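Asker: Structure incoming, see below.
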Amino acid sequence: MTIDETQNQNSEITIKSLRREVELLKGTIADLKSSFVELINIDKFALVKKEHFTIENVLNDLVGFISDILPVIASTFYFIDNKDRSFVEIYQQGIDEEMKIEIATRLEEGTFAWAIKEGGAIVIPLHNEKKNNRSLMISPLIIDNQPIGVACFYSNLNDSEYTPQIFQVINTLVGRASLNIATVNRVNQLQKDSEKVSEIKDYLTLIVNSIAQGIVVINNDDKISLFNRTAELIIGIEENNAVGSNHYSCIPPALAEVIRELLNRCRNEDSVVDFEFEFDRGEGVSFRLGITTTELIDSKGKLNGVLFSLRDLFTTTELTRLKKIDKTKSLEISRFKESLRGIEKQLQQNEKMAAIGQMAAGVAHEINNPLGSIAGFIQIMMPNEDD
C-alpha cells in the first residue's frame, strides 16, 4: 500500500469518526435544549412569589408547569390525614365522575401507597373504548422523607410515551411543590405562633399598665425597653418618647442622675436597691419618690437589664391613711347599724306587749260587766238579818 493510499484510508476513518461525533453532538444538543427549557420551568416554579404562598396556589402552579411537559387533561391532589392516615382530596382541576370512580378504585387497590413506596412517579395505562388511550400518572408528595400525599395527573400520553427524562422532570417539579407546601405550612404555623405571641404580649402589656407603680426597664445599652402608663404619670413623659431612648436624654435630669447612680450600684454590687428622694418634675410639681431596683437575670445568669419600680410616696401614704379612715368609718357604720337593729327589735317587742295589755284590759272589762250585775242580784235576793 502506497503512502497516498494509506493517507486516504486514514482520512476516511477520520471522516467517519467525525460524522459519528457530529450525530452524537446533534442528539446531545437536542437533549440539552429540551433539558434547558425544562430546567427554566423548574427554576420558575422554585421562584414562585411569596404572595402566592397558599397550598392551593402552589398546586395550581404545579399543574401549570407540568402542563408544559404533559398534555394534562385533569389533576387531583390527596393529602394524608394525620389522625387516621387516610387520603383526603384537597384540590382538583377538571376531574369528572368517571375519573372520580377511577381514582377511588386505585385508592382502594393501594395504588397510592404503591407510588409512595416507590418514592417517585408511576404511570398506569387506562384503556377506554369511548375515548382514546390515556394514562394516569401518580407522584408522591414527600417532605423531609415523610409522605404527605400524592399528586395525580390524567394525560393523553400512552404509557410507552413517557421517557426517563419526563419522569425526572415530573419528580423534580413535584419535589419542588412539596418543598413549597412545607414552606406554606411553616409560614402558616409562624403566623399562628406570631398571633399567639402578640396576644400574650398584649395581655402582659395590659397587666404592666394596670400596675399602680411606675415600671421602667433599662437594658445594658442604657436604653429604656419598657415604660408603663404609671411611669408616664409619675415622670411626665409619654411611652413613645421614652422606649428606645437613652434614659438620660429623655428623663428629667435630677431623676436621670439618680437612675444612673442606681444602675452602677446594681451592675457592680447590689441586686436590689431601695432609694427615696424629693423629685421635682418641673412646672411646680414635686413629691417624694421611692425607687426600688431589681436585676433582670437570664437563664444563663447574665444581666440583661435593671427594672426600676417608682412610687409616689405622698400619694401612697395618703391613700393608706384614707383607707384606714374608710375602714374605721366602716366599722362605726356597722356598729351603728347593729345598734339600730337592736332598737328596732326592742320597739317591736314593746308594741307586742302593749297589744297584749290592751287585749287583757278589754277582756277584763267584758268579764267585769256581767259579774257586777250578778253580784247586785245576789245582794237583793239575800235575806236581811233584821228580818
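In the C-alpha cells, chains take letters A, B, ... by order of appearance, with residues numbered from 1 within each chain and ligands from 1 in the order shown.
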What parts of segment 242-289 of chain A does DSSP call alpha helix (DSSP H)? I'd like the answer as number ranges by chain.
Answerer: A: 242, 247-250, 253-268
Asker: Under the rule that only C-alpha atoms are counted, which of A:Ile101, A:Val285, A:Val63, A:Val273 is the nearest residue to Ile170 of chain A?
Answerer: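 Nearest to Ile170 of chain A: A:Val63.
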Asker: Apply DSSP to the structure's backbone, then extract all residues of segment 115-346 of chain A labelled strand (DSSP E) and return them as a PyMOL selection string.
Answerer: chain A and resi 122-126+134-143+146-155+214-219+224-227+272-282+285-297+303-312
Asker: Hey, can you spit out that residue selection with C-alpha atoms as a compact mmCIF listing (two decimals), in the first residue's frame?
Answerer:
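Written out: again38.txt:
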# COMPACT_ATOMS: atom_id res chain seq x y z
CA ILE A 122 -45.61 5.86 38.39
CA VAL A 123 -47.78 5.61 35.26
CA ILE A 124 -50.93 3.49 34.93
CA PRO A 125 -52.32 2.85 31.40
CA LEU A 126 -56.06 3.45 31.06
CA ARG A 134 -54.75 7.74 28.07
CA SER A 135 -52.76 7.32 31.25
CA LEU A 136 -52.76 8.26 34.92
CA MET A 137 -49.55 9.45 36.50
CA ILE A 138 -49.34 9.30 40.32
CA SER A 139 -46.46 11.05 42.07
CA PRO A 140 -45.89 11.11 45.85
CA LEU A 141 -45.62 14.37 47.78
CA ILE A 142 -42.79 13.96 50.29
CA ILE A 143 -41.48 16.42 52.90
CA GLN A 146 -42.14 11.75 55.14
CA PRO A 147 -45.05 11.28 52.68
CA ILE A 148 -47.78 13.89 52.98
CA GLY A 149 -49.91 12.85 49.97
CA VAL A 150 -50.00 12.19 46.23
CA ALA A 151 -50.46 14.16 43.01
CA CYS A 152 -52.50 12.59 40.19
CA PHE A 153 -52.36 13.75 36.55
CA TYR A 154 -54.56 12.42 33.71
CA SER A 155 -52.82 12.64 30.35
CA GLY A 214 -44.26 53.09 87.64
CA ILE A 215 -42.26 50.38 85.85
CA VAL A 216 -39.16 51.34 83.87
CA VAL A 217 -36.71 48.78 82.43
CA ILE A 218 -33.28 49.88 81.22
CA ASN A 219 -31.17 47.43 79.20
CA ILE A 224 -35.36 52.19 78.01
CA SER A 225 -37.06 48.96 76.87
CA LEU A 226 -40.22 49.16 78.99
CA PHE A 227 -42.17 52.16 80.26
CA VAL A 272 -31.83 45.19 95.00
CA VAL A 273 -31.62 48.85 95.98
CA ASP A 274 -34.24 50.99 97.75
CA PHE A 275 -33.96 54.75 97.44
CA GLU A 276 -36.07 57.80 98.27
CA PHE A 277 -35.66 61.41 97.23
CA GLU A 278 -37.63 64.60 96.61
CA PHE A 279 -38.45 64.59 92.91
CA ASP A 280 -39.04 67.97 91.25
CA ARG A 281 -40.73 67.16 87.94
CA GLY A 282 -40.98 70.80 86.93
CA VAL A 285 -44.93 69.56 90.53
CA SER A 286 -42.79 67.89 93.18
CA PHE A 287 -43.24 64.93 95.51
CA ARG A 288 -41.28 62.32 97.38
CA LEU A 289 -40.40 59.44 95.07
CA GLY A 290 -39.49 55.92 96.16
CA ILE A 291 -37.40 53.73 93.83
CA THR A 292 -36.73 50.00 94.08
CA THR A 293 -34.37 48.31 91.62
CA THR A 294 -34.35 44.66 90.56
CA GLU A 295 -31.77 42.95 88.34
CA LEU A 296 -33.09 41.09 85.29
CA ILE A 297 -31.05 37.87 85.04
CA LEU A 303 -27.56 40.53 83.50
CA ASN A 304 -29.96 41.73 80.78
CA GLY A 305 -31.12 44.94 82.38
CA VAL A 306 -32.48 46.59 85.51
CA LEU A 307 -36.11 47.13 86.47
CA PHE A 308 -37.00 50.32 88.32
CA SER A 309 -40.20 50.42 90.38
CA LEU A 310 -41.31 54.01 91.04
CA ARG A 311 -43.74 55.02 93.81
CA ASP A 312 -45.21 58.40 94.64
Asker: Write out as a PyMOL selection string which residues come within 8 Å of segment 228-231 of chain A when counting only C-alpha atoms, dropping same-chain ones fewer than 3 positions away.
Answerer: chain A and resi 208-216+234-236+239+310
Asker: Would you work out the distance separating atom CA of Gln93 of chain A from atom CA of Ala113 of chain A, expressed in Å to one decimal?
Answerer: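 So the answer is 22.1 Å.
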Asker: What does the distance from atom CA of Thr105 of chain A to atom CA of Lys83 of chain A come to in Å, to one decimal?
Answerer: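 Result for atom CA of Thr105 of chain A versus atom CA of Lys83 of chain A: 22.5 Å, one decimal.
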Asker: Would you please work out which residue, of A:Ile69, A:Leu107, A:Ile237, A:Leu347, is nearest to Phe167 of chain A when using only C-alpha atoms?
Answerer: A:Ile69
Asker: So how many Å separate atom CA of Arg265 of chain A and atom CA of Asn220 of chain A, to one decimal?
Answerer: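 So the answer is 13.6 Å.
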